[in-house]
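Engineer: Got a structure for you, questions after.
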Amino acid sequence: MSIGATVRRAFGPYERHISELWRALFINVDEWTRTCRSWAPDARRILEIGCGEGYSTDRLVALWPEARIDAIDIAANIGRLYAGPPGRVNFRIAFAEELAQEQPGAYDLIILSDVLHHVPLAARESLLRSARALLAPGGTLAFKDWHRNRAPVYYAAWAADRWLTGDRIVYLTREEARTLMAGVFGDGRIVEECWVRPWRNNYGFRVVTG
């Protein structure tokens, strides 16, 4: 178990509240999920890649009450903090590559939020190609990550990710992420961009398939 998970569990019934307060220092999760909704309001099948303990999955259920939602991660504690209606989300320990073999073209919307910087550099293109394979024609990838720069808050986020999760974090700049997306999805497939409060380091892309 990571240092962060150990510390959070020490708060017992207040764990989720503490987790929300901590994340709010770096990102307004409600704003980000509302942006995802605006990018794919009619999505019927949604996949959250790297859902973790499910702290944002509740919001997806609330924003898409009629959609079928799947959420995957490779961590054993997947969905542990999900507090939404039972049976509304199918949580599964799996790699995106596995799912792409089983259900190609199945999803109208895939959300990949603050995941890529945890993925080893050599595995990032494979993950994104799997996401592309999982999207239906005209589907949307809602991608968000943290811009690498020299701002003090960048280093604060890096330290939090590195030492609280134990992962070896490598962030991309916004331009590097654009280049990576173009290499996987093709030129011109980023059709909208955003930043998410409270920091402009939070950048997001709406990437669409042909």
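As shown in the structure tokens, the chain order sets the letters A, B, ...; within each chain, residues go from 1, and ligands are also counted from 1 in the order they appear.
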Got a sec to tell me which of region 110-209 of chain A DSSP assigns to strand (DSSP E), as a list in words?
Structural biologist: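 Of region 110-209 of chain A, the ones in strand (DSSP E) are Ile110, Ile111, Leu112, Ser113, Leu135, Ala136, Pro137, Gly138, Gly139, Thr140, Leu141, Ala142, Phe143, Lys144, Asp145, Trp146, Ile190, Val191, Glu192, Glu193, Cys194, Trp195, Asn202, Tyr203, Gly204, Phe205, Arg206, Val207 and Val208 of chain A.
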Engineer: Which polymer residues have any atom within 9 Å of an atom of Leu60 (chain A), counting only C-alpha atoms, with same-chain residues fewer than 4 positions away left out, as a ChimeraX atom specification?
Structural biologist: /A:33-34,37,46,56,64-65,69
Engineer: Taking C-alpha atoms for each residue, export the selection above as a CSV table (one decimal), in the first residue's frame.
Structural biologist:
chain,number,residue,atom,x,y,z
A,33,THR,CA,-16.4,16.0,-15.3
A,34,ARG,CA,-18.8,18.7,-16.5
A,37,ARG,CA,-20.2,15.9,-20.2
A,46,ILE,CA,-18.6,5.2,-21.1
A,56,SER,CA,-14.6,10.5,-9.6
A,64,TRP,CA,-24.9,10.3,-17.3
A,65,PRO,CA,-27.8,8.6,-15.4
A,69,ILE,CA,-20.4,2.8,-17.4
Engineer: Apply DSSP to the backbone of this structure and, from region 46-191 of chain A, keep only the residues in helix (DSSP H, G or I); write these as an mmCIF file with C-alpha atoms, in the first residue's frame.
Structural biologist:
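This is the output file selection-v9.cif:
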data_model
loop_
_atom_site.group_PDB
_atom_site.id
_atom_site.type_symbol
_atom_site.label_atom_id
_atom_site.label_comp_id
_atom_site.auth_asym_id
_atom_site.auth_seq_id
_atom_site.Cartn_x
_atom_site.Cartn_y
_atom_site.Cartn_z
ATOM 1 C CA THR A 57 -16.789 7.667 -10.897
ATOM 2 C CA ASP A 58 -19.718 8.823 -8.737
ATOM 3 C CA ARG A 59 -19.780 12.041 -10.741
ATOM 4 C CA LEU A 60 -19.963 10.170 -14.043
ATOM 5 C CA VAL A 61 -22.956 8.200 -12.814
ATOM 6 C CA ALA A 62 -24.716 11.416 -11.793
ATOM 7 C CA LEU A 63 -23.986 13.204 -15.078
ATOM 8 C CA ALA A 96 -6.893 -1.330 -21.636
ATOM 9 C CA GLU A 97 -5.131 -3.640 -24.088
ATOM 10 C CA GLU A 98 -7.151 -6.601 -22.763
ATOM 11 C CA LEU A 99 -10.426 -4.766 -23.117
ATOM 12 C CA ALA A 100 -9.560 -3.611 -26.633
ATOM 13 C CA GLN A 101 -9.213 -7.246 -27.698
ATOM 14 C CA GLU A 102 -12.608 -8.104 -26.210
ATOM 15 C CA LEU A 116 -0.753 8.930 -18.465
ATOM 16 C CA HIS A 117 1.983 10.381 -16.249
ATOM 17 C CA HIS A 118 1.830 7.209 -14.133
ATOM 18 C CA LEU A 121 7.055 5.876 -21.283
ATOM 19 C CA ALA A 122 7.392 2.690 -23.318
ATOM 20 C CA ALA A 123 3.763 1.724 -22.622
ATOM 21 C CA ARG A 124 2.029 5.047 -23.338
ATOM 22 C CA GLU A 125 1.493 4.639 -27.057
ATOM 23 C CA SER A 126 0.083 1.149 -26.509
ATOM 24 C CA LEU A 127 -2.411 2.525 -23.970
ATOM 25 C CA LEU A 128 -3.553 5.286 -26.314
ATOM 26 C CA ARG A 129 -3.830 2.921 -29.276
ATOM 27 C CA SER A 130 -5.986 0.661 -27.141
ATOM 28 C CA ALA A 131 -8.194 3.626 -26.251
ATOM 29 C CA ARG A 132 -8.533 4.444 -29.944
ATOM 30 C CA ALA A 133 -9.478 0.836 -30.704
ATOM 31 C CA LEU A 134 -12.111 0.871 -27.961
ATOM 32 C CA PRO A 152 6.027 25.922 -7.885
ATOM 33 C CA VAL A 153 2.656 24.138 -8.068
ATOM 34 C CA TYR A 154 4.054 21.802 -10.732
ATOM 35 C CA TYR A 155 6.731 20.618 -8.317
ATOM 36 C CA ALA A 156 4.167 20.310 -5.519
ATOM 37 C CA ALA A 157 2.048 18.023 -7.714
ATOM 38 C CA TRP A 158 5.095 16.018 -8.751
ATOM 39 C CA ALA A 159 6.119 15.498 -5.121
ATOM 40 C CA ALA A 160 2.588 14.466 -4.148
ATOM 41 C CA ASP A 161 2.349 11.966 -7.003
ATOM 42 C CA ARG A 162 5.865 10.631 -6.559
ATOM 43 C CA TRP A 163 5.977 10.168 -2.819
ATOM 44 C CA LEU A 164 2.347 9.578 -1.915
ATOM 45 C CA THR A 165 1.652 7.048 -4.696
ATOM 46 C CA ARG A 174 0.934 20.201 -23.356
ATOM 47 C CA GLU A 175 2.773 20.329 -26.675
ATOM 48 C CA GLU A 176 4.343 16.911 -26.130
ATOM 49 C CA ALA A 177 0.905 15.491 -25.361
ATOM 50 C CA ARG A 178 -0.487 17.026 -28.565
ATOM 51 C CA THR A 179 2.303 15.392 -30.562
ATOM 52 C CA LEU A 180 1.671 12.026 -28.944
ATOM 53 C CA MET A 181 -2.071 12.250 -29.669
ATOM 54 C CA ALA A 182 -1.431 13.156 -33.295
ATOM 55 C CA GLY A 183 0.845 10.147 -33.683
ATOM 56 C CA VAL A 184 -1.856 7.803 -32.410
ATOM 57 C CA PHE A 185 -5.137 9.381 -33.564
#
Engineer: What does the structure give for the distance between CA of Ile93 (chain A) and CA of Ile72 (chain A), in Å to one decimal?
Structural biologist: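 Calculated distance between CA of Ile93 (chain A) and CA of Ile72 (chain A) is 5.6 Å.
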Engineer: Show which residues sit within 7 Å of Ala71 (chain A), as a compact mmCIF listing (two decimals) with N, CA and C atoms, in the first residue's frame. Count only C-alpha atoms, and ignore same-chain residues fewer than 4 positions away.
Structural biologist:
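To be explicit, this is the file written out as out_32.txt:
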# COMPACT_ATOMS: atom_id res chain seq x y z
N LEU A 47 -16.32 4.51 -20.74
CA LEU A 47 -15.23 3.78 -20.10
C LEU A 47 -14.32 4.77 -19.40
N GLU A 48 -14.07 4.53 -18.12
CA GLU A 48 -13.08 5.31 -17.37
C GLU A 48 -11.83 4.43 -17.21
N ILE A 49 -10.75 4.84 -17.83
CA ILE A 49 -9.48 4.11 -17.75
C ILE A 49 -8.66 4.72 -16.61
N CYS A 51 -9.43 4.33 -13.18
CA CYS A 51 -10.44 4.91 -12.28
C CYS A 51 -9.98 4.96 -10.83
N VAL A 89 -22.04 0.78 -12.05
CA VAL A 89 -20.70 0.77 -12.64
C VAL A 89 -20.14 -0.64 -12.58
N ASN A 90 -19.55 -1.05 -13.67
CA ASN A 90 -18.85 -2.33 -13.71
C ASN A 90 -17.36 -2.05 -13.50
N PHE A 91 -16.87 -2.28 -12.28
CA PHE A 91 -15.45 -2.12 -11.98
C PHE A 91 -14.72 -3.42 -12.32
N ARG A 92 -13.56 -3.27 -12.94
CA ARG A 92 -12.81 -4.46 -13.35
C ARG A 92 -11.32 -4.18 -13.32
Engineer: CA of Asn149 (chain A) to CA of Cys194 (chain A): how many Å, to one decimal?
Structural biologist: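 About the pair CA of Asn149 (chain A) and CA of Cys194 (chain A): they are 17.3 Å apart.
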